[in-house]
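Visitor: Hey, dropping coords38.cif in here, mmCIF, C-alpha atoms:
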data_coords
loop_
_atom_site.label_atom_id
_atom_site.label_comp_id
_atom_site.auth_asym_id
_atom_site.auth_seq_id
_atom_site.Cartn_x
_atom_site.Cartn_y
_atom_site.Cartn_z
CA MET A 1 77.51 143.98 80.18
CA SER A 2 73.95 144.80 79.20
CA ASN A 3 72.14 143.19 76.36
CA THR A 4 72.25 146.14 74.01
CA GLN A 5 75.92 146.81 74.64
CA GLY A 6 76.70 143.17 74.01
CA GLU A 7 74.89 143.15 70.72
CA HIS A 8 76.55 146.36 69.68
CA THR A 9 80.00 144.94 70.39
CA THR A 10 79.23 141.69 68.65
CA GLY A 11 77.99 143.57 65.63
CA THR A 12 81.35 145.24 65.11
CA LEU A 13 83.26 142.06 65.85
CA VAL A 14 81.27 140.08 63.39
CA ALA A 15 81.76 142.77 60.78
CA THR A 16 85.54 142.85 61.19
CA GLU A 17 86.37 139.25 62.01
CA ALA A 18 83.75 137.04 60.50
CA HIS A 19 83.28 138.95 57.27
CA GLY A 20 79.56 139.16 57.67
CA GLY A 21 77.12 136.35 58.11
CA GLY A 22 74.44 138.49 59.62
CA SER A 23 74.20 136.77 62.99
CA ASN A 24 75.46 137.92 66.39
CA PHE A 25 78.87 136.77 67.44
CA PRO A 26 77.70 133.81 69.54
CA PRO A 27 80.03 134.09 72.58
CA PHE A 28 78.79 137.68 73.13
CA ASP A 29 75.13 136.82 72.74
CA SER A 30 73.96 137.47 76.27
CA THR A 31 70.60 135.75 75.75
CA THR A 32 72.43 132.44 76.05
CA TYR A 33 74.12 133.40 79.35
CA PRO A 34 71.45 132.32 81.86
CA SER A 35 71.25 128.88 80.35
CA GLN A 36 75.03 128.49 80.18
CA LEU A 37 75.52 129.73 83.74
CA LEU A 38 72.82 127.48 85.16
CA TRP A 39 74.03 124.36 83.38
CA LEU A 40 77.67 125.16 84.09
CA ALA A 41 76.81 125.49 87.78
CA ILE A 42 74.96 122.17 87.72
CA THR A 43 77.53 120.20 85.73
CA PHE A 44 80.54 121.74 87.44
CA GLY A 45 78.90 121.27 90.85
CA VAL A 46 78.21 117.61 90.14
CA PHE A 47 81.73 117.17 88.80
CA TYR A 48 83.19 118.83 91.90
CA TRP A 49 81.09 116.62 94.14
CA ILE A 50 82.18 113.44 92.34
CA MET A 51 85.82 114.52 92.40
CA SER A 52 85.90 115.44 96.08
CA LYS A 53 83.78 112.52 97.32
CA VAL A 54 84.78 109.65 95.06
CA VAL A 55 87.70 110.14 92.71
CA LEU A 56 90.23 112.11 94.75
CA PRO A 57 89.89 110.04 97.95
CA ARG A 58 90.22 106.93 95.81
CA ILE A 59 93.36 108.03 93.93
CA GLY A 60 94.80 109.49 97.13
CA GLY A 61 94.13 106.17 98.84
CA ILE A 62 95.78 104.22 96.03
CA LEU A 63 98.87 106.42 96.18
CA GLU A 64 99.01 106.23 99.97
CA ASP A 65 98.60 102.45 99.95
CA ARG A 66 101.44 102.20 97.49
CA ARG A 67 103.64 104.53 99.54
CA ASP A 68 102.86 102.56 102.71
CA ARG A 69 103.47 99.28 100.94
CA ILE A 70 106.81 100.45 99.61
CA ALA A 71 107.84 101.83 103.00
CA GLY A 72 106.73 98.57 104.64
CA ASP A 73 108.62 96.48 102.12
CA MET A 74 111.71 98.59 102.59
CA ALA A 75 111.47 98.18 106.36
CA GLU A 76 110.98 94.42 105.92
CA ALA A 77 113.99 94.26 103.60
CA GLY A 78 116.03 96.19 106.16
CA ARG A 79 114.94 93.83 108.90
CA LEU A 80 115.83 90.78 106.81
CA LYS A 81 119.21 92.27 105.99
CA GLN A 82 119.81 92.88 109.68
CA GLU A 83 118.90 89.28 110.36
CA THR A 84 121.27 88.09 107.67
CA ASP A 85 124.06 90.24 109.06
CA ASP A 86 123.39 88.90 112.55
CA ALA A 87 123.42 85.33 111.27
CA ILE A 88 126.69 85.93 109.43
CA ALA A 89 128.21 87.51 112.54
CA SER A 90 127.13 84.64 114.78
CA TYR A 91 128.35 82.11 112.24
CA GLU A 92 131.71 83.80 112.11
CA LYS A 93 131.88 83.95 115.87
CA ALA A 94 131.05 80.25 116.10
CA LEU A 95 133.70 79.51 113.51
CA ALA A 96 136.29 81.53 115.41
CA ASP A 97 135.35 79.81 118.68
CA ALA A 98 135.59 76.38 117.09
CA ARG A 99 138.95 77.21 115.62
CA LYS A 100 140.18 78.46 118.97
CA LYS A 101 138.86 75.37 120.73
CA ALA A 102 140.49 73.10 118.17
CA ASN A 103 143.79 74.89 118.70
CA THR A 104 143.48 74.50 122.44
CA MET A 105 142.68 70.83 122.11
CA ALA A 106 145.60 70.27 119.77
CA ASN A 107 147.92 72.10 122.11
CA ASP A 108 146.69 70.15 125.10
CA ALA A 109 147.12 66.86 123.29
CA ARG A 110 150.59 67.87 122.18
CA GLU A 111 151.55 68.90 125.69
CA LYS A 112 150.18 65.67 127.12
CA LEU A 113 151.95 63.53 124.57
CA LYS A 114 155.15 65.43 125.15
CA ALA A 115 154.90 64.90 128.89
CA GLU A 116 154.15 61.20 128.44
CA THR A 117 157.01 60.77 126.04
CA GLU A 118 159.26 62.64 128.37
CA ALA A 119 158.23 60.44 131.28
CA ALA A 120 158.69 57.24 129.26
CA ARG A 121 162.06 58.39 128.08
CA ALA A 122 163.13 59.29 131.61
CA ALA A 123 161.97 55.88 132.84
CA ALA A 124 163.75 54.11 130.04
CA GLU A 125 166.88 56.13 130.64
CA ALA A 126 166.76 55.41 134.35
CA LYS A 127 166.30 51.73 133.62
CA LEU A 128 169.13 51.75 131.14
CA ALA A 129 171.34 53.63 133.56
CA ALA A 130 170.57 51.09 136.26
CA GLN A 131 171.32 48.22 133.91
CA LEU A 132 174.50 49.95 132.83
CA ALA A 133 175.61 50.43 136.38
CA GLU A 134 174.82 46.80 137.15
CA SER A 135 176.66 45.65 134.09
CA GLU A 136 179.65 47.81 134.93
CA GLN A 137 179.65 46.42 138.40
CA SER A 138 179.56 42.83 137.23
CA ILE A 139 182.20 43.57 134.62
CA SER A 140 184.45 45.12 137.20
CA LYS A 141 183.81 42.15 139.47
CA ILE A 142 184.56 39.72 136.68
CA LYS A 143 187.61 41.75 135.84
CA ALA A 144 188.74 41.73 139.43
CA ASP A 145 188.07 38.01 139.67
CA SER A 146 189.86 37.41 136.41
CA LEU A 147 192.77 39.53 137.53
CA ALA A 148 192.90 37.63 140.77
CA GLN A 149 192.84 34.37 138.88
CA VAL A 150 195.49 35.67 136.48
CA GLY A 151 197.94 35.72 139.41
CA ASP A 152 197.12 32.15 140.30
CA ILE A 153 197.35 31.03 136.69
CA ALA A 154 200.61 32.88 136.28
CA ALA A 155 201.95 31.34 139.49
CA ASP A 156 200.87 27.89 138.39
CA THR A 157 202.29 28.42 134.97
CA THR A 158 205.50 29.86 136.37
CA GLY A 159 205.78 26.96 138.82
CA GLU A 160 205.33 24.46 136.03
CA LEU A 161 207.82 26.37 133.85
CA VAL A 162 210.38 26.49 136.57
CA LYS A 163 209.87 22.81 137.25
CA ALA A 164 210.23 22.03 133.58
CA LEU A 165 213.29 24.19 133.19
CA ILE A 166 215.25 23.28 136.26
CA GLY A 167 213.62 19.96 136.88
CA GLY A 168 213.25 18.49 140.24
CA ARG A 169 210.65 19.57 142.55
CA ALA A 170 208.53 22.56 141.99
CA PRO A 171 209.26 25.54 144.14
CA ALA A 172 206.87 26.44 146.89
CA LYS A 173 203.75 27.89 145.68
CA ALA A 174 203.88 30.91 147.92
CA THR A 175 207.36 31.81 146.70
CA VAL A 176 206.24 31.62 143.07
CA SER A 177 203.15 33.67 143.69
CA LYS A 178 205.22 36.31 145.43
CA ALA A 179 207.64 36.45 142.53
CA VAL A 180 204.90 36.58 139.93
CA GLU A 181 203.14 39.26 141.84
CA LYS A 182 206.30 41.26 142.02
CA VAL A 183 206.76 41.02 138.21
CA MET A 184 203.18 41.80 137.39
CA ASN A 185 203.02 44.82 139.58
CA MET B 1 84.94 134.33 49.52
CA ALA B 2 81.71 132.93 48.25
CA GLY B 3 81.74 130.02 50.66
CA THR B 4 81.51 132.07 53.84
CA SER B 5 77.78 132.45 53.52
CA SER B 6 77.22 128.74 53.81
CA ASN B 7 77.27 127.27 57.31
CA GLY B 8 79.93 124.73 56.42
CA ILE B 9 82.70 127.24 55.95
CA ASP B 10 81.57 130.04 58.25
CA PRO B 11 84.28 129.95 60.95
CA ILE B 12 81.91 131.43 63.54
CA HIS B 13 79.20 128.87 63.01
CA GLN B 14 80.87 126.38 65.35
CA PHE B 15 80.26 128.72 68.29
CA HIS B 16 76.51 128.98 67.74
CA ILE B 17 74.38 127.82 70.59
CA ASN B 18 71.36 125.80 69.50
CA LYS B 19 68.52 124.82 71.73
CA ILE B 20 67.87 121.14 72.17
CA PHE B 21 65.08 121.35 74.77
CA ASP B 22 63.27 124.55 75.71
CA LEU B 23 63.30 125.36 79.39
CA ASN B 24 61.93 128.65 80.70
CA ILE B 25 61.94 129.42 84.42
CA ALA B 26 60.57 132.73 85.69
CA GLY B 27 60.81 134.24 82.24
CA MET B 28 64.49 133.33 81.86
CA ASP B 29 65.75 131.06 79.12
CA PHE B 30 67.49 128.06 80.72
CA SER B 31 67.16 125.82 77.68
CA PHE B 32 69.19 122.66 77.33
CA THR B 33 71.49 123.59 74.45
CA ASN B 34 74.42 122.08 72.60
CA ALA B 35 76.64 123.99 75.06
CA THR B 36 74.82 122.24 77.90
CA LEU B 37 75.15 118.92 76.14
CA PHE B 38 78.92 119.29 75.91
CA MET B 39 79.22 120.41 79.52
CA VAL B 40 77.49 117.16 80.40
CA VAL B 41 79.70 115.23 77.97
CA THR B 42 82.82 116.87 79.44
CA VAL B 43 81.85 115.93 82.98
CA ALA B 44 80.77 112.45 81.91
CA VAL B 45 83.97 111.72 79.97
CA ALA B 46 86.24 113.01 82.72
CA THR B 47 84.30 111.22 85.45
CA LEU B 48 84.11 107.93 83.58
CA PHE B 49 87.82 108.06 82.81
CA LEU B 50 88.79 108.80 86.39
CA VAL B 51 86.35 106.36 87.97
CA LEU B 52 86.84 103.43 85.59
CA SER B 53 90.61 103.76 85.40
CA THR B 54 90.95 103.64 89.17
CA ASN B 55 88.35 100.90 89.68
CA GLY B 56 90.99 98.21 90.03
CA ARG B 57 92.86 100.17 92.71
CA GLY B 58 95.92 98.33 91.48
CA LEU B 59 99.04 98.45 93.55
CA VAL B 60 100.80 98.20 90.21
CA PRO B 61 98.75 100.60 88.06
CA SER B 62 97.36 99.82 84.64
CA ARG B 63 98.08 102.34 81.88
CA MET B 64 94.76 104.10 82.38
CA GLN B 65 95.17 104.15 86.15
CA LEU B 66 98.67 105.55 85.71
CA MET B 67 97.24 108.41 83.64
CA ALA B 68 94.68 109.18 86.33
CA GLU B 69 97.39 109.06 88.98
CA MET B 70 99.66 111.27 86.89
CA SER B 71 96.95 113.91 86.49
CA TYR B 72 96.36 113.75 90.26
CA GLU B 73 100.02 114.12 91.10
CA PHE B 74 100.55 116.75 88.41
CA VAL B 75 97.86 119.02 89.83
CA ALA B 76 98.93 118.25 93.39
CA ALA B 77 102.54 119.16 92.61
CA THR B 78 101.46 122.39 90.89
CA LEU B 79 99.29 123.41 93.84
CA ARG B 80 101.85 122.42 96.46
CA GLY B 81 104.55 124.24 94.51
CA SER B 82 102.83 127.61 94.59
CA ALA B 83 100.54 127.48 97.64
CA GLY B 84 102.43 125.04 99.88
CA ASN B 85 100.94 122.20 101.90
CA GLU B 86 98.29 124.53 103.31
CA GLY B 87 97.02 125.02 99.78
CA MET B 88 96.09 121.33 99.57
CA ARG B 89 92.72 122.18 101.17
CA PHE B 90 91.79 123.66 97.78
CA PHE B 91 92.98 120.56 95.93
CA PRO B 92 89.49 119.29 95.00
CA LEU B 93 88.62 122.68 93.52
CA VAL B 94 91.86 123.03 91.58
CA PHE B 95 91.75 119.44 90.35
CA THR B 96 88.13 119.81 89.25
CA LEU B 97 88.94 123.04 87.43
CA PHE B 98 91.91 121.50 85.67
CA MET B 99 90.07 118.35 84.62
CA PHE B 100 87.02 120.30 83.50
CA VAL B 101 88.94 122.84 81.41
CA PHE B 102 91.36 120.23 80.04
CA THR B 103 88.63 117.79 79.06
CA ALA B 104 86.48 120.56 77.55
CA ASN B 105 89.46 121.86 75.53
CA MET B 106 90.37 118.38 74.31
CA LEU B 107 86.80 117.45 73.38
CA GLY B 108 86.65 120.72 71.45
CA MET B 109 89.40 119.37 69.19
CA ILE B 110 87.12 116.61 67.90
CA PRO B 111 85.38 117.71 64.68
CA PHE B 112 81.73 118.77 65.08
CA PHE B 113 82.12 118.94 68.86
CA PHE B 114 81.18 122.13 70.65
CA THR B 115 83.94 123.78 72.67
CA VAL B 116 82.52 124.68 76.08
CA THR B 117 85.52 126.88 76.95
CA SER B 118 85.14 128.98 73.82
CA GLN B 119 82.26 130.80 75.51
CA ILE B 120 83.40 133.86 77.46
CA ILE B 121 80.60 133.47 79.97
CA VAL B 122 81.82 129.97 80.90
CA THR B 123 85.45 130.97 81.35
CA PHE B 124 84.40 134.12 83.18
CA ALA B 125 82.22 132.11 85.56
CA LEU B 126 85.12 129.76 86.27
CA ALA B 127 87.47 132.72 86.82
CA MET B 128 84.97 134.37 89.15
CA LEU B 129 84.67 131.12 91.07
CA VAL B 130 88.43 131.25 91.66
CA ILE B 131 88.54 134.96 92.53
CA LEU B 132 85.55 134.72 94.87
CA THR B 133 87.10 131.72 96.58
CA VAL B 134 90.33 133.67 97.04
CA THR B 135 88.58 136.79 98.30
CA ILE B 136 86.10 135.11 100.63
CA TYR B 137 88.64 132.68 102.04
CA GLY B 138 91.20 135.49 102.37
CA PHE B 139 88.87 137.67 104.45
CA PHE B 140 87.56 134.66 106.39
CA LYS B 141 91.06 133.54 107.33
CA HIS B 142 92.89 136.85 107.81
CA GLY B 143 90.08 139.37 108.32
CA THR B 144 91.25 142.82 107.33
CA GLY B 145 94.80 141.40 107.25
CA PHE B 146 93.89 140.19 103.76
CA LEU B 147 94.14 143.84 102.64
CA LYS B 148 97.90 143.62 103.19
CA LEU B 149 97.82 141.96 99.78
CA PHE B 150 97.50 145.47 98.33
CA VAL B 151 100.20 147.06 100.49
CA PRO B 152 103.49 145.29 99.92
CA SER B 153 105.86 145.51 102.87
CA GLY B 154 109.27 147.14 102.51
CA VAL B 155 108.07 149.82 100.08
CA PRO B 156 108.96 153.48 100.83
CA ALA B 157 105.95 155.39 102.23
CA TYR B 158 105.74 157.86 99.36
CA VAL B 159 105.19 155.17 96.72
CA VAL B 160 102.69 153.18 98.79
CA PRO B 161 99.62 154.92 97.28
CA LEU B 162 100.87 154.27 93.77
CA VAL B 163 101.78 150.65 94.46
CA THR B 164 98.48 150.05 96.22
CA ALA B 165 96.56 151.48 93.27
CA ILE B 166 98.49 149.19 90.92
CA GLU B 167 97.90 146.18 93.17
CA VAL B 168 94.15 146.89 93.34
CA ILE B 169 93.90 147.25 89.59
CA SER B 170 95.90 144.07 89.06
CA PHE B 171 93.66 142.20 91.52
CA LEU B 172 90.51 143.44 89.80
CA SER B 173 91.84 142.54 86.38
CA ARG B 174 92.62 138.98 87.42
CA PRO B 175 89.19 137.49 86.62
CA VAL B 176 89.20 139.31 83.29
CA SER B 177 92.69 138.17 82.28
CA LEU B 178 92.07 134.64 83.57
CA SER B 179 88.84 134.24 81.63
CA VAL B 180 89.79 136.14 78.46
CA ARG B 181 93.07 134.25 78.12
CA LEU B 182 91.35 130.86 78.01
CA PHE B 183 88.38 132.06 75.96
CA ALA B 184 90.48 133.94 73.38
CA ASN B 185 92.94 131.10 72.93
CA MET B 186 90.23 128.54 72.30
CA LEU B 187 88.21 130.87 70.10
CA ALA B 188 91.13 132.07 67.98
CA GLY B 189 92.54 128.58 67.59
CA HIS B 190 89.27 127.12 66.39
CA ILE B 191 88.63 130.04 64.03
CA THR B 192 92.12 129.72 62.53
CA LEU B 193 91.67 126.00 62.09
CA LYS B 194 88.31 126.49 60.42
CA VAL B 195 89.59 129.26 58.14
CA PHE B 196 92.52 127.21 56.87
CA ALA B 197 90.37 124.12 56.49
CA GLY B 198 87.88 126.32 54.64
CA PHE B 199 90.64 127.37 52.22
CA VAL B 200 91.27 123.74 51.41
CA VAL B 201 87.60 123.19 50.61
CA MET B 202 87.34 126.36 48.52
CA LEU B 203 90.54 125.72 46.55
CA THR B 204 89.68 122.12 45.73
CA GLY B 205 86.41 123.43 44.35
CA ALA B 206 88.38 125.62 41.91
CA GLY B 207 89.74 122.92 39.59
CA ALA B 208 93.11 121.23 39.08
CA ILE B 209 95.31 124.23 39.94
CA GLY B 210 93.23 124.80 43.05
CA ILE B 211 93.79 121.22 44.21
CA GLY B 212 97.54 121.73 43.84
CA ALA B 213 97.40 124.99 45.71
CA ALA B 214 95.26 123.44 48.46
CA VAL B 215 98.25 121.44 49.67
CA LEU B 216 99.64 124.47 51.50
CA PRO B 217 96.59 125.26 53.66
CA LEU B 218 96.15 121.52 54.21
CA LEU B 219 99.67 121.27 55.64
CA LEU B 220 98.98 124.35 57.74
CA THR B 221 95.74 122.82 58.99
CA VAL B 222 97.59 119.71 60.10
CA ALA B 223 100.29 121.80 61.81
CA ILE B 224 97.75 124.05 63.51
CA THR B 225 95.80 121.02 64.69
CA ALA B 226 98.91 119.78 66.48
CA LEU B 227 99.50 123.27 67.87
CA GLU B 228 95.89 123.44 69.07
CA PHE B 229 96.27 120.20 71.01
CA LEU B 230 99.25 121.79 72.71
CA VAL B 231 97.27 124.97 73.38
CA ALA B 232 94.35 122.94 74.73
CA PHE B 233 96.61 121.40 77.34
CA LEU B 234 98.67 124.52 77.94
CA GLN B 235 95.67 126.77 78.57
CA ALA B 236 94.22 124.30 81.04
CA TYR B 237 97.61 124.23 82.75
CA VAL B 238 97.96 128.02 82.73
CA PHE B 239 94.48 128.37 84.18
CA THR B 240 95.43 125.92 86.93
CA VAL B 241 98.78 127.55 87.70
CA LEU B 242 97.23 131.01 87.96
CA THR B 243 94.48 129.61 90.16
CA CYS B 244 97.15 128.15 92.43
CA MET B 245 99.01 131.46 92.58
CA TYR B 246 95.86 133.38 93.45
CA LEU B 247 95.01 130.82 96.12
CA ALA B 248 98.51 131.29 97.54
CA ASP B 249 97.60 134.98 97.94
CA ALA B 250 94.54 134.00 99.96
CA LEU B 251 96.71 131.87 102.24
CA HIS B 252 99.60 134.32 102.61
CA PRO B 253 98.40 137.84 101.80
CA SER B 254 101.55 139.61 102.96
CA HIS B 255 104.09 139.33 100.18
#
Give the structure from the file, written as structure tokens.

Guide:
Amino acid sequence: MSNTQGEHTTGTLVATEAHGGGSNFPPFDSTTYPSQLLWLAITFGVFYWIMSKVVLPRIGGILEDRRDRIAGDMAEAGRLKQETDDAIASYEKALADARKKANTMANDAREKLKAETEAARAAAEAKLAAQLAESEQSISKIKADSLAQVGDIAADTTGELVKALIGGRAPAKATVSKAVEKVMN
Amino acid sequence: MAGTSSNGIDPIHQFHINKIFDLNIAGMDFSFTNATLFMVVTVAVATLFLVLSTNGRGLVPSRMQLMAEMSYEFVAATLRGSAGNEGMRFFPLVFTLFMFVFTANMLGMIPFFFTVTSQIIVTFALAMLVILTVTIYGFFKHGTGFLKLFVPSGVPAYVVPLVTAIEVISFLSRPVSLSVRLFANMLAGHITLKVFAGFVVMLTGAGAIGIGAAVLPLLLTVAITALEFLVAFLQAYVFTVLTCMYLADALHPSH
């Protein structure tokens, strides 16, 4: 846009929009353009340089550090959780083992005690049986002896009775014994 | 409208460029003006904010650092969204454009401050920077393949000339639309604000009834101020989004 055109346009704009005032419409005043362009180039260039060299790497670095830190913390948390899980698993395994071992020990002890008791009982029974047998034997012997003596006693008694009843001399012992034996059997 | 002749109520006066130091090089006027001053202020404010807020490099950000990080991630997400990961090579340019335009727009909202982006030459220069970057990078990367941008694939042969003509016109109008959109929004907003504020001043000068009547333009001024803050951000964002879309064309010229 040339200078004259610009001023022409601004003239009409000012007339319609600004209701007079006499001056050019400033944004279309091309005499100010070189200065604005030069200073815009300088300020914008400096701004771009600061942004791309200082500010953006810095903010990008901050954001990246934070992202890394969060990712690292998450990984650490995951690792710790894994460790916890492992510890719980090994604890539970140890507990199960201990329980199993305790059961085994209890069973063993029970078995052992049972066997011992059994053995003691068997021994005692054997001893008792032996004593019983012995006792029975002596009883039967005593009984036999007693029975044998019963015959003698009966014969004696019978002899005495006969003597007392019929008087005189007592019958022969052998005869009495024979008679008694005959009655008893 | 008696007041319009005085500088205080003239809505155009705020766009005047006044020399602060004279500087002539090779017969051209490169004076340090109020426009220059506010370009410097814009860059200084944005730089100081971004540098100081991130000085701590906190793992847990402070409020200021969070704002700097949010602007970084906002622009990065916008660029990545339209131009993909490849587009991140233009991130410094896009971020600088966004921060410059946004800061300039926001500083323009402060009373008595000059609005850098209300000058068509400034917005046009920024738009040309984008378009030239797109064009030069497009040809550098794809050679003549960049011209596929103007010939969409999958179009019947007999409409290709028409479509190509439309595509060329739309490409050529990009710098104009990009720059005029920003310029016109800032200009119109500031003029509207000044006109309604001017009504308040004029009506209060007209006695008791005038003071009562001034409430309406005052309310409007407040409402428009809020709207203008929105526009200041939105236009910076629109400028950035369009820049990203044009850069996407440079990276992938075939539609």

Visitor: Might you spell out which residues the PyMOL selection byres ((chain B and resi 110) around 12) would select in the displayed file, as a VMD selection string?

Guide: chain B and resid 14 38 103 to 109 111 to 115 190 193 225 228 to 229 232

Visitor: Give me, please, the distance in Å between CA of Gly159 (chain A) and CA of Ala144 (chain A), quoted to one decimal.

Guide: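 Atom-to-atom, CA of Gly159 (chain A) and CA of Ala144 (chain A) are spaced 22.6 Å apart.
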
Visitor: Can you work out which residues from chain A touch chain B at a cut-off of 7 Å (counting only C-alpha atoms) and hand them back as a list in words?

Guide: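 Here is what falls inside 7 Å: Ala18, Gly21, Pro26, Pro27, Tyr33, Pro34, Ser35, Gln36, Leu37, Leu38, Trp39, Leu40, Thr43, Phe47, Tyr48, Met51, Ser52, Val55, Ile59, Ile62 and Arg66 of chain A.
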
Visitor: Excluding same-chain residues fewer than 4 positions from Ala214 (chain B), what lies within 8 Å of it counting all atoms listed in the file, as a PDB file with C-alpha atoms, in the frame of the given file?

Guide:
ATOM      1  CA  PHE B 199      90.640 127.370  52.220  1.00  0.00           C
ATOM      2  CA  VAL B 200      91.270 123.740  51.410  1.00  0.00           C
ATOM      3  CA  VAL B 201      87.600 123.190  50.610  1.00  0.00           C
ATOM      4  CA  LEU B 203      90.540 125.720  46.550  1.00  0.00           C
ATOM      5  CA  THR B 204      89.680 122.120  45.730  1.00  0.00           C
ATOM      6  CA  GLY B 210      93.230 124.800  43.050  1.00  0.00           C
ATOM      7  CA  LEU B 218      96.150 121.520  54.210  1.00  0.00           C
TER       8      LEU B 218
END

Visitor: CA of Lys141 (chain B) to CA of Met245 (chain B): how many Å, to one decimal?

Guide: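 Computing the Euclidean distance for CA of Lys141 (chain B) and CA of Met245 (chain B) yields 16.9 Å.
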
Visitor: As an exercise, work out the distance from CA of Ala213 (chain B) to CA of Ala188 (chain B) in Å and give it to one decimal place.

Guide: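 Those two atoms sit 24.2 Å apart.
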
Visitor: Write a file for region 47-61 of chain A of the given structure; include C-alpha atoms and format it as a PDB file, in the first residue's frame.

Guide:
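Okay, this is what ended up in decode31.pdb:
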ATOM      1  CA  PHE A  47      11.805 -12.409  22.747  1.00  0.00           C
ATOM      2  CA  TYR A  48      12.091 -15.430  20.446  1.00  0.00           C
ATOM      3  CA  TRP A  49      15.735 -15.861  21.386  1.00  0.00           C
ATOM      4  CA  ILE A  50      14.977 -15.718  25.119  1.00  0.00           C
ATOM      5  CA  MET A  51      12.073 -18.127  24.737  1.00  0.00           C
ATOM      6  CA  SER A  52      13.952 -20.699  22.687  1.00  0.00           C
ATOM      7  CA  LYS A  53      17.238 -20.495  24.611  1.00  0.00           C
ATOM      8  CA  VAL A  54      16.158 -19.923  28.194  1.00  0.00           C
ATOM      9  CA  VAL A  55      12.484 -20.185  29.026  1.00  0.00           C
ATOM     10  CA  LEU A  56      11.258 -23.134  26.974  1.00  0.00           C
ATOM     11  CA  PRO A  57      14.195 -25.454  27.780  1.00  0.00           C
ATOM     12  CA  ARG A  58      13.747 -24.540  31.423  1.00  0.00           C
ATOM     13  CA  ILE A  59       9.991 -25.210  31.581  1.00  0.00           C
ATOM     14  CA  GLY A  60      10.431 -28.309  29.427  1.00  0.00           C
ATOM     15  CA  GLY A  61      13.129 -29.483  31.821  1.00  0.00           C
TER      16      GLY A  61
END
